[in-house]
$ cat run_13.cif   # mmCIF, C-alpha atoms
data_final
#
loop_
_atom_site.group_PDB
_atom_site.id
_atom_site.type_symbol
_atom_site.label_atom_id
_atom_site.label_comp_id
_atom_site.auth_asym_id
_atom_site.auth_seq_id
_atom_site.Cartn_x
_atom_site.Cartn_y
_atom_site.Cartn_z
ATOM 1 C CA MET I 1 15.251 -35.711 -11.623
ATOM 2 C CA ALA I 2 16.917 -35.837 -15.033
ATOM 3 C CA GLU I 3 20.015 -33.781 -15.775
ATOM 4 C CA GLY I 4 19.089 -30.436 -17.325
ATOM 5 C CA THR I 5 15.649 -30.233 -15.780
ATOM 6 C CA THR I 6 16.931 -30.043 -12.235
ATOM 7 C CA VAL I 7 16.254 -26.833 -10.332
ATOM 8 C CA LEU I 8 18.962 -27.500 -7.755
ATOM 9 C CA GLU I 9 21.725 -24.966 -8.170
ATOM 10 C CA HIS I 10 25.261 -26.273 -7.817
ATOM 11 C CA GLN I 11 26.170 -24.299 -4.690
ATOM 12 C CA PHE I 12 23.518 -26.088 -2.605
ATOM 13 C CA ASP I 13 23.590 -29.603 -1.144
ATOM 14 C CA ASP I 14 19.905 -30.252 -1.669
ATOM 15 C CA LEU I 15 16.579 -28.555 -2.432
ATOM 16 C CA ASP I 16 15.717 -28.000 1.226
ATOM 17 C CA GLN I 17 18.924 -26.077 1.775
ATOM 18 C CA GLN I 18 18.229 -24.043 -1.354
ATOM 19 C CA ARG I 19 14.690 -23.274 -0.174
ATOM 20 C CA GLU I 20 15.986 -22.256 3.259
ATOM 21 C CA ALA I 21 18.601 -19.950 1.704
ATOM 22 C CA SER I 22 15.999 -18.330 -0.579
ATOM 23 C CA SER I 23 13.686 -17.758 2.346
ATOM 24 C CA LEU I 24 16.454 -16.153 4.429
ATOM 25 C CA GLY I 25 17.408 -13.939 1.495
ATOM 26 C CA MET I 26 13.809 -12.770 1.265
ATOM 27 C CA TRP I 27 13.765 -12.019 4.998
ATOM 28 C CA VAL I 28 16.907 -9.879 4.615
ATOM 29 C CA PHE I 29 15.119 -7.932 1.877
ATOM 30 C CA LEU I 30 12.061 -7.577 4.093
ATOM 31 C CA ILE I 31 14.271 -6.207 6.898
ATOM 32 C CA THR I 32 15.440 -3.452 4.523
ATOM 33 C CA GLU I 33 11.755 -2.842 3.749
ATOM 34 C CA ILE I 34 10.950 -2.618 7.467
ATOM 35 C CA MET I 35 13.658 0.025 7.824
ATOM 36 C CA PHE I 36 12.395 1.855 4.725
ATOM 37 C CA PHE I 37 8.843 2.125 6.066
ATOM 38 C CA GLY I 38 10.344 2.566 9.555
ATOM 39 C CA GLY I 39 11.677 5.983 8.537
ATOM 40 C CA LEU I 40 8.150 7.072 7.612
ATOM 41 C CA PHE I 41 6.719 5.632 10.834
ATOM 42 C CA ALA I 42 9.422 7.354 12.930
ATOM 43 C CA GLY I 43 8.725 10.672 11.195
ATOM 44 C CA TYR I 44 5.016 10.189 11.811
ATOM 45 C CA ALA I 45 5.708 9.458 15.513
ATOM 46 C CA VAL I 46 7.790 12.642 15.887
ATOM 47 C CA TYR I 47 5.175 14.925 14.315
ATOM 48 C CA ARG I 48 2.162 13.256 15.894
ATOM 49 C CA SER I 49 3.723 13.663 19.358
ATOM 50 C CA THR I 50 4.598 17.288 18.531
ATOM 51 C CA TYR I 51 1.131 18.226 17.177
ATOM 52 C CA PRO I 52 -1.295 15.714 18.767
ATOM 53 C CA ASP I 53 -4.383 17.939 18.461
ATOM 54 C CA ALA I 54 -3.789 18.782 14.812
ATOM 55 C CA PHE I 55 -3.258 15.108 13.931
ATOM 56 C CA ALA I 56 -6.409 14.060 15.806
ATOM 57 C CA GLU I 57 -8.447 16.723 14.008
ATOM 58 C CA ALA I 58 -6.975 15.988 10.577
ATOM 59 C CA GLY I 59 -7.513 12.238 11.017
ATOM 60 C CA LEU I 60 -11.264 12.874 11.261
ATOM 61 C CA HIS I 61 -11.239 13.783 7.546
ATOM 62 C CA LEU I 62 -10.493 10.170 6.598
ATOM 63 C CA ASN I 63 -13.377 7.740 6.092
ATOM 64 C CA VAL I 64 -13.211 4.956 8.724
ATOM 65 C CA LEU I 65 -15.681 2.701 6.891
ATOM 66 C CA VAL I 66 -13.708 2.843 3.632
ATOM 67 C CA GLY I 67 -10.454 2.219 5.527
ATOM 68 C CA ALA I 68 -11.945 -0.733 7.420
ATOM 69 C CA VAL I 69 -13.353 -2.271 4.231
ATOM 70 C CA ASN I 70 -9.941 -1.924 2.602
ATOM 71 C CA THR I 71 -8.320 -3.577 5.635
ATOM 72 C CA ALA I 72 -10.730 -6.509 5.265
ATOM 73 C CA VAL I 73 -10.019 -6.729 1.502
ATOM 74 C CA LEU I 74 -6.271 -6.834 2.167
ATOM 75 C CA ILE I 75 -6.590 -9.459 4.918
ATOM 76 C CA LEU I 76 -8.720 -11.562 2.558
ATOM 77 C CA SER I 77 -6.022 -11.202 -0.129
ATOM 78 C CA SER I 78 -3.468 -12.441 2.412
ATOM 79 C CA LEU I 79 -5.669 -15.481 3.002
ATOM 80 C CA THR I 80 -5.896 -16.241 -0.737
ATOM 81 C CA MET I 81 -2.102 -15.779 -0.989
ATOM 82 C CA ALA I 82 -1.549 -18.221 1.892
ATOM 83 C CA LEU I 83 -3.924 -20.682 0.196
ATOM 84 C CA ALA I 84 -1.973 -20.236 -3.057
ATOM 85 C CA VAL I 85 1.238 -21.260 -1.265
ATOM 86 C CA HIS I 86 -0.647 -24.226 0.207
ATOM 87 C CA ALA I 87 -1.890 -25.255 -3.263
ATOM 88 C CA ALA I 88 1.692 -25.019 -4.577
ATOM 89 C CA GLN I 89 2.977 -27.211 -1.739
ATOM 90 C CA VAL I 90 0.444 -29.960 -2.444
ATOM 91 C CA ASP I 91 0.855 -29.682 -6.237
ATOM 92 C CA ARG I 92 -2.649 -28.497 -7.099
ATOM 93 C CA ARG I 93 -1.844 -26.305 -10.084
ATOM 94 C CA LYS I 94 -5.421 -25.310 -10.966
ATOM 95 C CA ALA I 95 -6.160 -24.183 -7.403
ATOM 96 C CA LEU I 96 -2.813 -22.356 -7.361
ATOM 97 C CA VAL I 97 -3.732 -20.338 -10.486
ATOM 98 C CA VAL I 98 -7.193 -19.569 -9.081
ATOM 99 C CA PHE I 99 -5.786 -18.333 -5.763
ATOM 100 C CA LEU I 100 -3.090 -16.241 -7.458
ATOM 101 C CA LEU I 101 -5.733 -14.613 -9.689
ATOM 102 C CA LEU I 102 -7.986 -14.020 -6.663
ATOM 103 C CA THR I 103 -5.081 -12.343 -4.857
ATOM 104 C CA ILE I 104 -4.463 -10.107 -7.894
ATOM 105 C CA LEU I 105 -8.185 -9.279 -8.035
ATOM 106 C CA LEU I 106 -8.364 -8.380 -4.316
ATOM 107 C CA GLY I 107 -5.181 -6.290 -4.575
ATOM 108 C CA THR I 108 -6.753 -4.427 -7.501
ATOM 109 C CA VAL I 109 -9.958 -3.865 -5.521
ATOM 110 C CA PHE I 110 -7.843 -2.402 -2.692
ATOM 111 C CA LEU I 111 -6.113 -0.026 -5.111
ATOM 112 C CA GLY I 112 -9.452 0.893 -6.714
ATOM 113 C CA ILE I 113 -10.863 1.911 -3.335
ATOM 114 C CA LYS I 114 -7.648 3.845 -2.699
ATOM 115 C CA VAL I 115 -8.115 5.762 -5.989
ATOM 116 C CA PHE I 116 -11.662 6.611 -4.886
ATOM 117 C CA GLU I 117 -10.281 7.900 -1.562
ATOM 118 C CA TYR I 118 -7.526 9.962 -3.199
ATOM 119 C CA ALA I 119 -10.064 11.500 -5.620
ATOM 120 C CA ASP I 120 -12.207 12.403 -2.620
ATOM 121 C CA LYS I 121 -9.233 14.169 -0.983
ATOM 122 C CA PHE I 122 -8.575 16.150 -4.171
ATOM 123 C CA ARG I 123 -12.261 17.112 -4.396
ATOM 124 C CA HIS I 124 -12.290 18.358 -0.813
ATOM 125 C CA GLU I 125 -8.962 20.139 -1.328
ATOM 126 C CA LEU I 126 -7.043 18.227 1.336
ATOM 127 C CA VAL I 127 -3.912 17.755 -0.742
ATOM 128 C CA PRO I 128 -0.871 19.690 0.532
ATOM 129 C CA GLY I 129 0.910 21.471 -2.283
ATOM 130 C CA TYR I 130 -2.078 21.186 -4.621
ATOM 131 C CA ALA I 131 -5.000 22.717 -2.753
ATOM 132 C CA PHE I 132 -5.422 22.741 0.979
ATOM 133 C CA ALA I 133 -8.677 24.147 2.337
ATOM 134 C CA PHE I 134 -8.440 22.908 5.916
ATOM 135 C CA GLU I 135 -10.353 25.195 8.306
ATOM 136 C CA GLY I 136 -9.448 26.000 11.889
ATOM 137 C CA PRO I 137 -6.460 26.868 14.048
ATOM 138 C CA HIS I 138 -4.538 23.679 13.133
ATOM 139 C CA ALA I 139 -4.569 24.225 9.368
ATOM 140 C CA ARG I 140 -0.803 24.574 9.074
ATOM 141 C CA GLU I 141 0.012 21.476 11.133
ATOM 142 C CA ALA I 142 -2.703 19.499 9.326
ATOM 143 C CA THR I 143 -0.671 19.739 6.103
ATOM 144 C CA ILE I 144 1.937 17.590 7.888
ATOM 145 C CA PHE I 145 -0.671 14.926 8.668
ATOM 146 C CA PHE I 146 -1.883 14.835 5.070
ATOM 147 C CA SER I 147 1.682 14.794 3.739
ATOM 148 C CA PHE I 148 2.290 11.680 5.858
ATOM 149 C CA TYR I 149 -1.058 10.274 4.736
ATOM 150 C CA PHE I 150 -0.144 10.556 1.060
ATOM 151 C CA ALA I 151 3.497 9.516 1.510
ATOM 152 C CA MET I 152 2.704 6.435 3.601
ATOM 153 C CA THR I 153 -0.387 5.196 1.758
ATOM 154 C CA GLY I 154 1.291 6.127 -1.550
ATOM 155 C CA MET I 155 4.420 4.071 -0.789
ATOM 156 C CA HIS I 156 2.167 1.271 0.403
ATOM 157 C CA ALA I 157 0.118 1.429 -2.810
ATOM 158 C CA LEU I 158 3.336 1.361 -4.880
ATOM 159 C CA HIS I 159 4.309 -1.854 -3.072
ATOM 160 C CA MET I 160 0.869 -3.284 -3.877
ATOM 161 C CA ILE I 161 1.303 -2.417 -7.566
ATOM 162 C CA ILE I 162 4.722 -4.111 -7.618
ATOM 163 C CA GLY I 163 3.215 -7.102 -5.776
ATOM 164 C CA ILE I 164 0.421 -7.415 -8.340
ATOM 165 C CA GLY I 165 3.035 -7.310 -11.115
ATOM 166 C CA ILE I 166 5.023 -10.115 -9.476
ATOM 167 C CA LEU I 167 1.837 -12.155 -8.978
ATOM 168 C CA ALA I 168 0.949 -11.711 -12.667
ATOM 169 C CA VAL I 169 4.387 -12.991 -13.764
ATOM 170 C CA LEU I 170 4.073 -15.859 -11.283
ATOM 171 C CA THR I 171 0.666 -16.839 -12.677
ATOM 172 C CA VAL I 172 2.115 -17.064 -16.186
ATOM 173 C CA LEU I 173 5.043 -19.198 -14.926
ATOM 174 C CA VAL I 174 2.662 -21.512 -13.042
ATOM 175 C CA ARG I 175 0.583 -22.014 -16.210
ATOM 176 C CA ARG I 176 3.775 -22.906 -18.057
ATOM 177 C CA GLY I 177 4.353 -25.610 -15.458
ATOM 178 C CA ARG I 178 7.517 -24.148 -14.005
ATOM 179 C CA PHE I 179 6.729 -25.126 -10.420
ATOM 180 C CA SER I 180 5.983 -28.299 -8.511
ATOM 181 C CA SER I 181 5.710 -29.336 -4.867
ATOM 182 C CA GLU I 182 9.492 -29.907 -5.076
ATOM 183 C CA TYR I 183 10.209 -26.404 -6.384
ATOM 184 C CA TYR I 184 7.582 -23.871 -5.400
ATOM 185 C CA TRP I 185 9.455 -21.249 -3.371
ATOM 186 C CA PRO I 186 9.045 -18.379 -5.813
ATOM 187 C CA VAL I 187 5.366 -18.660 -4.800
ATOM 188 C CA GLU I 188 6.342 -18.787 -1.120
ATOM 189 C CA LEU I 189 8.685 -15.769 -1.393
ATOM 190 C CA THR I 190 6.018 -13.734 -3.198
ATOM 191 C CA GLY I 191 3.726 -14.705 -0.336
ATOM 192 C CA LEU I 192 6.223 -13.367 2.224
ATOM 193 C CA TYR I 193 6.347 -10.052 0.348
ATOM 194 C CA TRP I 194 2.553 -9.841 0.028
ATOM 195 C CA HIS I 195 2.014 -10.556 3.747
ATOM 196 C CA PHE I 196 4.634 -7.948 4.651
ATOM 197 C CA VAL I 197 2.726 -5.314 2.657
ATOM 198 C CA ASP I 198 -0.409 -6.447 4.508
ATOM 199 C CA ILE I 199 1.358 -5.886 7.867
ATOM 200 C CA VAL I 200 2.330 -2.328 6.869
ATOM 201 C CA TRP I 201 -1.344 -1.596 6.223
ATOM 202 C CA ILE I 202 -2.348 -3.222 9.542
ATOM 203 C CA TYR I 203 -0.349 -0.422 11.227
ATOM 204 C CA LEU I 204 -1.301 2.368 8.798
ATOM 205 C CA PHE I 205 -5.032 1.836 9.336
ATOM 206 C CA PRO I 206 -5.162 2.669 13.091
ATOM 207 C CA LEU I 207 -2.422 5.313 12.829
ATOM 208 C CA LEU I 208 -4.121 7.303 10.054
ATOM 209 C CA TYR I 209 -7.845 6.480 10.162
ATOM 210 C CA LEU I 210 -8.608 5.818 13.811
ATOM 211 C CA ILE I 211 -6.896 8.669 15.664
ATOM 212 C CA GLY I 212 -9.009 11.322 17.387
ATOM 213 C CA ARG I 213 -12.275 9.391 16.957
ATOM 214 C CA ALA I 214 -13.357 9.258 20.597
ATOM 215 C CA MET H 1 14.047 -30.342 6.972
ATOM 216 C CA ALA H 2 11.151 -30.411 4.531
ATOM 217 C CA ALA H 3 8.718 -27.509 4.406
ATOM 218 C CA HIS H 4 5.907 -27.779 6.901
ATOM 219 C CA ILE H 5 2.509 -27.778 5.221
ATOM 220 C CA VAL H 6 0.133 -25.727 7.340
ATOM 221 C CA PRO H 7 -3.415 -27.160 7.364
ATOM 222 C CA LYS H 8 -5.914 -24.914 5.553
ATOM 223 C CA ARG H 9 -8.147 -24.707 8.626
ATOM 224 C CA VAL H 10 -5.331 -22.832 10.442
ATOM 225 C CA TYR H 11 -5.376 -20.199 7.665
ATOM 226 C CA TYR H 12 -9.163 -19.821 7.917
ATOM 227 C CA LEU H 13 -8.941 -19.468 11.696
ATOM 228 C CA VAL H 14 -6.206 -16.818 11.458
ATOM 229 C CA PHE H 15 -8.219 -14.959 8.801
ATOM 230 C CA ALA H 16 -11.351 -14.934 11.015
ATOM 231 C CA THR H 17 -9.311 -13.709 13.999
ATOM 232 C CA LEU H 18 -7.750 -10.913 11.904
ATOM 233 C CA LEU H 19 -11.195 -9.743 10.764
ATOM 234 C CA LEU H 20 -12.490 -9.857 14.344
ATOM 235 C CA LEU H 21 -9.510 -7.825 15.601
ATOM 236 C CA THR H 22 -10.124 -5.257 12.825
ATOM 237 C CA LEU H 23 -13.696 -4.819 14.066
ATOM 238 C CA VAL H 24 -12.452 -4.569 17.673
ATOM 239 C CA THR H 25 -9.852 -1.910 16.835
ATOM 240 C CA VAL H 26 -12.465 0.188 14.951
ATOM 241 C CA ASP H 27 -14.971 -0.153 17.790
ATOM 242 C CA VAL H 28 -12.440 0.645 20.522
ATOM 243 C CA ALA H 29 -11.328 3.785 18.651
ATOM 244 C CA PHE H 30 -14.713 5.377 19.313
ATOM 245 C CA TYR H 31 -14.406 5.060 23.109
ATOM 246 C CA ASP H 32 -12.511 7.726 24.992
ATOM 247 C CA LEU H 33 -9.702 5.770 26.620
ATOM 248 C CA GLY H 34 -7.598 8.881 27.128
ATOM 249 C CA ILE H 35 -3.891 8.174 27.173
ATOM 250 C CA LEU H 36 -4.556 4.441 26.694
ATOM 251 C CA SER H 37 -6.161 4.685 23.248
ATOM 252 C CA PHE H 38 -2.853 4.737 21.377
ATOM 253 C CA PRO H 39 -1.262 1.768 23.236
ATOM 254 C CA VAL H 40 -4.493 -0.255 22.826
ATOM 255 C CA ALA H 41 -4.598 0.437 19.058
ATOM 256 C CA MET H 42 -0.915 -0.539 18.716
ATOM 257 C CA LEU H 43 -1.408 -3.654 20.858
ATOM 258 C CA ILE H 44 -4.217 -4.854 18.569
ATOM 259 C CA ALA H 45 -2.206 -4.020 15.432
ATOM 260 C CA THR H 46 0.825 -5.877 16.795
ATOM 261 C CA THR H 47 -1.304 -8.911 17.664
ATOM 262 C CA LYS H 48 -2.587 -8.917 14.063
ATOM 263 C CA ALA H 49 0.948 -8.492 12.691
ATOM 264 C CA LEU H 50 2.227 -11.399 14.828
ATOM 265 C CA LEU H 51 -0.606 -13.653 13.598
ATOM 266 C CA VAL H 52 0.343 -12.833 9.990
ATOM 267 C CA ILE H 53 4.061 -13.372 10.689
ATOM 268 C CA PHE H 54 3.648 -16.641 12.609
ATOM 269 C CA TYR H 55 1.025 -18.340 10.443
ATOM 270 C CA PHE H 56 0.732 -16.706 6.983
ATOM 271 C CA MET H 57 4.512 -16.172 6.790
ATOM 272 C CA HIS H 58 5.164 -19.592 8.371
ATOM 273 C CA VAL H 59 7.680 -18.287 10.927
ATOM 274 C CA ARG H 60 6.150 -20.531 13.581
ATOM 275 C CA TYR H 61 7.179 -23.549 11.501
ATOM 276 C CA SER H 62 10.487 -22.133 10.270
ATOM 277 C CA SER H 63 14.093 -22.719 11.314
ATOM 278 C CA PRO H 64 15.604 -20.855 14.287
ATOM 279 C CA LEU H 65 17.671 -18.821 11.817
ATOM 280 C CA THR H 66 14.479 -17.435 10.254
ATOM 281 C CA TRP H 67 13.300 -16.469 13.738
ATOM 282 C CA VAL H 68 16.563 -14.590 14.312
ATOM 283 C CA PHE H 69 16.174 -12.696 11.008
ATOM 284 C CA ALA H 70 12.543 -11.779 11.729
ATOM 285 C CA ILE H 71 13.369 -10.579 15.245
ATOM 286 C CA ILE H 72 16.390 -8.556 14.025
ATOM 287 C CA GLY H 73 14.117 -6.603 11.670
ATOM 288 C CA PHE H 74 11.847 -5.476 14.492
ATOM 289 C CA PHE H 75 14.766 -4.962 16.875
ATOM 290 C CA TRP H 76 16.322 -2.418 14.482
ATOM 291 C CA LEU H 77 12.945 -0.774 13.989
ATOM 292 C CA MET H 78 12.662 -0.393 17.775
ATOM 293 C CA ILE H 79 16.125 1.256 17.852
ATOM 294 C CA LEU H 80 15.084 3.638 15.073
ATOM 295 C CA ILE H 81 11.788 4.681 16.671
ATOM 296 C CA GLY H 82 12.842 4.200 20.318
ATOM 297 C CA LEU H 83 15.965 6.347 20.225
ATOM 298 C CA THR H 84 14.300 8.993 18.046
ATOM 299 C CA MET H 85 11.387 9.324 20.444
ATOM 300 C CA ALA H 86 13.709 9.206 23.485
ATOM 301 C CA ASP H 87 15.079 12.458 22.082
ATOM 302 C CA TYR H 88 11.858 14.197 21.007
ATOM 303 C CA LEU H 89 9.724 13.205 24.003
ATOM 304 C CA THR H 90 12.282 14.367 26.585
ATOM 305 C CA ARG H 91 13.292 17.706 25.035
ATOM 306 C CA ALA H 92 10.861 19.656 27.212
ATOM 307 C CA TRP H 93 12.136 18.037 30.426
ATOM 308 C CA ILE H 94 15.161 20.241 30.813
ATOM 309 C CA SER H 95 15.807 23.832 29.878
ATOM 310 C CA LEU H 96 19.270 24.610 28.655
ATOM 311 C CA ALA H 97 21.163 27.498 30.173
ATOM 312 C CA GLY H 98 20.494 30.591 28.110
ATOM 313 C CA GLY H 99 17.864 28.684 26.108
#

$ encode --input "run_13.cif" --output "structure tokens"
Amino acid sequence: MAEGTTVLEHQFDDLDQQREASSLGMWVFLITEIMFFGGLFAGYAVYRSTYPDAFAEAGLHLNVLVGAVNTAVLILSSLTMALAVHAAQVDRRKALVVFLLLTILLGTVFLGIKVFEYADKFRHELVPGYAFAFEGPHAREATIFFSFYFAMTGMHALHMIIGIGILAVLTVLVRRGRFSSEYYWPVELTGLYWHFVDIVWIYLFPLLYLIGRA
Amino acid sequence: MAAHIVPKRVYYLVFATLLLLTLVTVDVAFYDLGILSFPVAMLIATTKALLVIFYFMHVRYSSPLTWVFAIIGFFWLMILIGLTMADYLTRAWISLAGG
């Protein structure tokens, strides 16, 4: 590779070492993300174990079908992201752009369905602090469930929005020919982030939508 | 060590398994398993998460150091949730004098 066009930074011996270091750096960031969401999950665990009946009853107000469809959309977006990384590794730039755009599209579909769900909650007055018309003896504790619902899915949605932004920048860089099979790890690191956000949802879906169904 | 290129068919297989497990977890939620329903739901979710981590996130093909980093993340999460719940779940076990 000619001087000036090389992507190898001077502190690394070779590109493999640089790729390995980038990947580890991303994992460290993801660990901080695990702990960030972990606080929400721990809080959820405390209150669900304290008010199991209220949580089971409140969970029935979420739409399982919509949640399941969104889970499928997100899993499909993880597949297209994985295929984008594959296309980058084998230097197929056109396929890479297509898969990145598909991932953006599927992420947007997920958020669109989420907007529909949020609007539904506002219409039925299940939004703590705004209007909460939950009937029954568990009304007070149910505000805790819905606070967790909005905090957890809201933080998750924010991560999706950031992810879509990163994917959009990446798509532009790919079209400018900034990556090759030698230097593709920005695509790989974005993939790690996107799959992590997918994993958060994999846990949110049963915890929020599927409790108290039996 | 060059990056391992995962064959596309592995991705398709993982995707199909994830969809199947999503259907299973929805279906299982409608059966009354009593105290087991929560562990079963978490077991399925964790299986899905591990599939994503091992194959989509390439950990299966990564260096031992990446394994260590990935495991550390979940180890700390277990400390956070484990120790918190060890407190909250056992509070009713003893009554303090004068309490």

$ interface_residues --input "run_13.cif" --of "chain I" --to "chain H" --cutoff "9 Å" --atoms "all atoms listed in the file" --output "number ranges by chain"
I: 16-17, 19-20, 23-24, 27-28, 30-32, 34-35, 38-39, 41-43, 45-46, 49-50, 64, 68, 71-72, 75-76, 78-79, 81-83, 86, 89-90, 188, 191-192, 195-196, 198-200, 202-203, 205-207, 210-214

$ atom_distance --input "run_13.cif" --atom1 "atom CA of Thr80 of chain I" --atom2 "atom CA of Leu65 of chain I"
22.6 Å

$ atom_distance --input "run_13.cif" --atom1 "atom CA of Val68 of chain H" --atom2 "atom CA of Gly25 of chain I"
12.9 Å

$ atom_distance --input "run_13.cif" --atom1 "atom CA of Arg93 of chain I" --atom2 "atom CA of Phe110 of chain I"
25.7 Å

$ residues_around --input "run_13.cif" --residues "Gly112 of chain I" --least-positions-apart "4" --cutoff "12 Å" --atoms "all atoms listed in the file" --output "number ranges by chain"
I: 66, 70, 73, 105-108, 116-119, 157, 160-161

$ closest_residue --input "run_13.cif" --among "I:Tyr51, I:Tyr44, I:Trp194, I:Tyr209" --to "Ala151 of chain I" --atoms "all atoms listed in the file"
I:Tyr44

$ residues_around --input "run_13.cif" --residues "segment 166-178 of chain I" --least-positions-apart "2" --cutoff "8 Å" --atoms "all atoms listed in the file" --output "list in words"
Arg93, Leu96, Val97, Leu100, Leu101, Ile104, Ile162, Gly163, Ile164, Ser180, Pro186, Val187 and Thr190 of chain I

$ resolve_selection --input "run_13.cif" --expression "the PyMOL selection byres ((chain I and resi 146) around 8)" --output "PyMOL selection string"
chain I and resi 58+126-128+142-145+147-150

$ axis_aligned_box --input "run_13.cif" --around "segment 160-167 of chain I" --padding-each-side "5 Å" --output "AutoDock Vina command-line options"
--center_x 2.7 --center_y -7.3 --center_z -7.5 --size_x 14.6 --size_y 19.7 --size_z 17.2

$ decode --input "run_13.cif" --residues "segment 124-142 of chain I" --atoms "N, CA and C atoms" --output "JSON list (two decimals), in the first residue's frame"
[["chain", "number", "residue", "atom", "x", "y", "z"],
["I", 124, "HIS", "N", -54.80, 5.46, 25.39],
["I", 124, "HIS", "CA", -55.47, 4.71, 26.46],
["I", 124, "HIS", "C", -55.07, 5.22, 27.84],
["I", 125, "GLU", "N", -54.37, 6.35, 27.87],
["I", 125, "GLU", "CA", -53.98, 6.99, 29.13],
["I", 125, "GLU", "C", -53.25, 6.00, 30.06],
["I", 126, "LEU", "N", -52.16, 5.44, 29.53],
["I", 126, "LEU", "CA", -51.32, 4.55, 30.33],
["I", 126, "LEU", "C", -49.91, 5.14, 30.45],
["I", 127, "VAL", "N", -49.85, 6.46, 30.53],
["I", 127, "VAL", "CA", -48.56, 7.13, 30.59],
["I", 127, "VAL", "C", -48.40, 7.81, 31.94],
["I", 128, "PRO", "N", -47.59, 7.24, 32.84],
["I", 128, "PRO", "CA", -47.42, 7.85, 34.16],
["I", 128, "PRO", "C", -46.93, 9.30, 34.03],
["I", 129, "GLY", "N", -47.54, 10.18, 34.81],
["I", 129, "GLY", "CA", -47.11, 11.57, 34.78],
["I", 129, "GLY", "C", -47.86, 12.40, 33.77],
["I", 130, "TYR", "N", -48.47, 11.73, 32.77],
["I", 130, "TYR", "CA", -49.23, 12.45, 31.75],
["I", 130, "TYR", "C", -50.72, 12.21, 31.98],
["I", 131, "ALA", "N", -51.11, 10.97, 31.87],
["I", 131, "ALA", "CA", -52.49, 10.57, 32.19],
["I", 131, "ALA", "C", -52.46, 9.09, 32.46],
["I", 132, "PHE", "N", -52.95, 8.70, 33.62],
["I", 132, "PHE", "CA", -52.88, 7.28, 33.96],
["I", 132, "PHE", "C", -54.23, 6.81, 34.45],
["I", 133, "ALA", "N", -54.95, 6.09, 33.57],
["I", 133, "ALA", "CA", -56.31, 5.67, 33.87],
["I", 133, "ALA", "C", -56.37, 4.15, 34.05],
["I", 134, "PHE", "N", -55.46, 3.63, 34.85],
["I", 134, "PHE", "CA", -55.40, 2.20, 35.09],
["I", 134, "PHE", "C", -56.39, 1.84, 36.18],
["I", 135, "GLU", "N", -57.32, 0.88, 35.87],
["I", 135, "GLU", "CA", -58.35, 0.52, 36.84],
["I", 135, "GLU", "C", -57.86, -0.62, 37.73],
["I", 136, "GLY", "N", -58.47, -0.73, 38.91],
["I", 136, "GLY", "CA", -58.20, -1.88, 39.76],
["I", 136, "GLY", "C", -57.35, -1.56, 40.96],
["I", 137, "PRO", "N", -57.14, -2.59, 41.81],
["I", 137, "PRO", "CA", -56.44, -2.37, 43.08],
["I", 137, "PRO", "C", -54.94, -2.12, 42.91],
["I", 138, "HIS", "N", -54.38, -2.45, 41.72],
["I", 138, "HIS", "CA", -52.93, -2.32, 41.53],
["I", 138, "HIS", "C", -52.55, -1.04, 40.79],
["I", 139, "ALA", "N", -53.48, -0.09, 40.70],
["I", 139, "ALA", "CA", -53.25, 1.09, 39.86],
["I", 139, "ALA", "C", -51.95, 1.82, 40.24],
["I", 140, "ARG", "N", -51.70, 1.95, 41.53],
["I", 140, "ARG", "CA", -50.53, 2.71, 41.95],
["I", 140, "ARG", "C", -49.23, 2.00, 41.54],
["I", 141, "GLU", "N", -49.19, 0.68, 41.80],
["I", 141, "GLU", "CA", -47.98, -0.07, 41.45],
["I", 141, "GLU", "C", -47.80, -0.18, 39.94],
["I", 142, "ALA", "N", -48.92, -0.14, 39.20],
["I", 142, "ALA", "CA", -48.83, -0.26, 37.74],
["I", 142, "ALA", "C", -48.10, 0.93, 37.13]]
